[in-house]
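Working notes for the structure below.
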Amino acid sequence: MSHLFDHHGAPGKGYAQPKPLLDGSELSLPDNLARKSLPRWPRLSEPEMVRHYTWLSKRNFGIDTGFYPLGSCTMKHNPRVNEVIAQLPGIADIHPHQPEHQIQGLLSIYYEMQEMLSVCAGMDAVTLQPVAGAQGEFTAIRCFQEYFRHRGEHQRTKVIVPDSAHGTNPASAAMAGFEIIEIPSKVDGRIDLDALRAVVGDDTAAMMITNPNTLGLFEHDIAEASELVHGVGGLMYYDGANFNAILGRTSPGLMGFDAVHYNLHKTFSQPHGGGGPGSGPIGVKQHLAPFLPTPIVSRREAIESEQEQAVDEFWYTWHEPEHTIGKVQQWHGNAGAIIRCWAYYRRYGKELRTMSEHAVLNANYLRHAIHREAKAAGVDHMFVDGAETVVAKHEFTLSLAPAKESLGISAMDVAKGLLDMGYMAPTVYFPLVVPECMMIEPTETESKDTLDTFAEDFAKVLQVDAETLHNAPITTPVRRVDEVYAARNLCLRHPFDE
Ligand SMILES: *Cc1c(COP(=O)(O)O)cnc(C)c1O
């Protein structure tokens, strides 16, 4: 089998089109716009087409094909009921230009989502507009910036991030024009209050941090950190990518944060990976609400003439916050993603607390299972925990530095070896503070059986000789790729031979 573009120019055609369009006679295209030659489209029959896409899907790895413990990305099962709801014609067929009175149902879903997200994070207002966590970060940082401009605090030019932060944090703040101040973590991987104390001041705009942090550790000192930053007039930003660990147990609001982004595609289930589609709403405390992007959904009681279209006596309407930063995305965010997540949240409600408990339980179980199996196989000297802790949160890190030193086996080699065992590799080389880092997040949707088998297979990979591991993977459609070359020399077009 090969891909569809190799079939271009083959005889026959796989479509049926109404006659007038075929000979062009009834098209009134201007001459200069009409094609001079046939396009190089593949000509395939329907079965050939179906085979092409099925073939492509088999070359792929996803949460539906196997265990996907990609740390920090929260790759959980996406309940199919979400798809059914998102594809209801009354939802899927809406055009974003439709007038308010025709889309009261959709607006009520948006409103409810704003409210539910506010509640679970301890925030006061939410925008659903950003389409990725990273875009949510940028949106919030822009709101911070406008907030300070309104207060005449132009000297606040610095944003503080811990050295374990996700790369998007400093990138978002730098995009908005802030200077980044990186502070080192303590030896236990947590925030160093003395280091923070040494850098906060009049010029501090914000601190950006995730909790639990990227090592999977809960930041016990977060309330003190908030106090320090607020004490000098700065704002606290919560990177919500690790919300899966604490949802329903505590909230960024309780920890003193002023703003947060939600990775709906992580915490609240929604197919993701490969670049999207995602959804990264942000929530803010009251003092930042006037700066949110426009529009957001508000509601009031329906008046007499609106009763017929009203949902539960309410009338929903688009609303522009008073000092809005403008728009960060066309239309109204990724509606499909928002609806899937709304369906998920509505299905589980307060039970979501159990979700985060099981995510934490699974991570801790897997961590111990890996140590247990490695010990039984005599390979436990090849790695150490990435952070000293008794209990991790929803993810944990291992350092393959010992294997690298003694045998020349790197975290990358082990990751590639796991591909040959039929798994998606865990995240590697992040966070940067752990040498030869491997970051593992099983999520709450995996069974004990899966975790046990993965732990056994992990120990098996560590028993493979270095030479073989350097050459892994051998079972995947594409062998080891040069990722730097691929990123620097993007090739997204099929090289048609002329
Ligand atoms: C995923 C992630 C982000 C960015 O979110 P995207 O939706 O991928 O843009 C930020 N911080 C952390 C810790 C993450 O894991």
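Ordering of the structure tokens sets the chain letters (A, B, ...), residue numbers begin anew at 1 in every chain, and ligands are numbered from 1 in the order given.
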
Report task. Please identify every polymer residue within 10 Å of ligand 1, using only C-alpha atoms and all ligand atoms, and present the set as a ChimeraX atom specification. Result -> /A:70-74,130-137,164-169,172,209-215,238-243,261-266,272-273,275-281,430-431

**Report entry** One-decimal distance in Å that lies between CA of Asn78 in chain A and CA of Leu366 in chain A
**Finding:**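 According to the coordinates, CA of Leu366 in chain A and CA of Asn78 in chain A are separated by 21.3 Å.
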
Query raised in the report: Out of range 354-482 of chain A, which residues get helix (DSSP H, G or I) from DSSP, as a ChimeraX atom specification?
Result: /A:354-376,380-382,401-407,411-420,448-462,466-471

Query raised in the report: Which value, in Å to one decimal, gives the distance between CA of Ala259 in chain A and CA of Lys285 in chain A?
Result: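 A separation of 6.4 Å between them.
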
Report task. Return the single residue from A:Leu107, A:Met255, A:Ala171, A:Val200 that is closest to Ile183 in chain A, with distances computed using only C-alpha atoms. Result ->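 For Ile183 in chain A, the nearest of the given residues is A:Val200.
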
For Val428 in chain A: contacts at 8 Å, only C-alpha atoms, fewer than 3 positions along chain excluded, given as a PDB file with N, CA and C atoms, in the first residue's frame:
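The resulting result-v1.pdb:
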ATOM      1  N   ALA A 411      17.682   8.278  28.149  1.00  0.00           N
ATOM      2  CA  ALA A 411      16.224   8.292  28.303  1.00  0.00           C
ATOM      3  C   ALA A 411      15.568   8.127  26.932  1.00  0.00           C
ATOM      4  N   MET A 412      16.171   8.734  25.913  1.00  0.00           N
ATOM      5  CA  MET A 412      15.634   8.623  24.557  1.00  0.00           C
ATOM      6  C   MET A 412      15.648   7.172  24.082  1.00  0.00           C
ATOM      7  N   ALA A 415      12.890   5.328  25.759  1.00  0.00           N
ATOM      8  CA  ALA A 415      11.614   5.759  25.170  1.00  0.00           C
ATOM      9  C   ALA A 415      11.380   5.040  23.843  1.00  0.00           C
ATOM     10  N   GLU A 436      18.412  13.359  32.064  1.00  0.00           N
ATOM     11  CA  GLU A 436      17.879  12.144  31.399  1.00  0.00           C
ATOM     12  C   GLU A 436      16.475  11.832  31.932  1.00  0.00           C
ATOM     13  N   CYS A 437      15.631  12.834  31.845  1.00  0.00           N
ATOM     14  CA  CYS A 437      14.309  12.744  32.474  1.00  0.00           C
ATOM     15  C   CYS A 437      13.298  11.953  31.648  1.00  0.00           C
ATOM     16  N   MET A 438      12.499  11.186  32.352  1.00  0.00           N
ATOM     17  CA  MET A 438      11.362  10.514  31.757  1.00  0.00           C
ATOM     18  C   MET A 438      10.175  10.835  32.644  1.00  0.00           C
ATOM     19  N   MET A 439       9.113  11.348  32.037  1.00  0.00           N
ATOM     20  CA  MET A 439       7.975  11.848  32.820  1.00  0.00           C
ATOM     21  C   MET A 439       6.737  11.034  32.465  1.00  0.00           C
TER      22      MET A 439
END

List as a tab-separated table every residue of range 412-467 of chain A that is in contact with range 472-492 of chain A, defined as an atom at most 8 Å from one of its atoms (using only C-alpha atoms), together with the nearest atom pair and the distance in Å rounded to one decimal, sorted by chain and then rising number.
residue	atom	partner	partner_atom	distance
A:Asp413	CA	A:Ala472	CA	7.0
A:Lys416	CA	A:Pro473	CA	5.3
A:Gly417	CA	A:Ala472	CA	5.5
A:Leu419	CA	A:Pro473	CA	6.2
A:Asp420	CA	A:Pro473	CA	5.5

**Report entry** Shortest interatomic distance to Glu153 in chain A - which of A:Glu115, A:Asp203, A:Glu373, A:Asp194, counting only C-alpha atoms
**Finding:**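 Of A:Glu115, A:Asp203, A:Glu373, A:Asp194, the one nearest Glu153 in chain A is A:Asp203, counting only C-alpha atoms.
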
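With only C-alpha atoms as the atoms that count, the residue of A:Val232, A:Ile282, A:His52, A:Gly256 with the shortest distance to Ala140 in chain A is A:Ile282.
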
Query raised in the report: By how many Å are CA of His77 in chain A and CA of Leu451 in chain A apart?
Result: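 The value is 14.9 Å.
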
**Report entry** Residues of range 245-460 of chain A in strand (DSSP E), written as a ChimeraX atom specification
**Finding:** /A:259-261,282-284,296-301,314-319,384-385,396-399,427-428,437-440
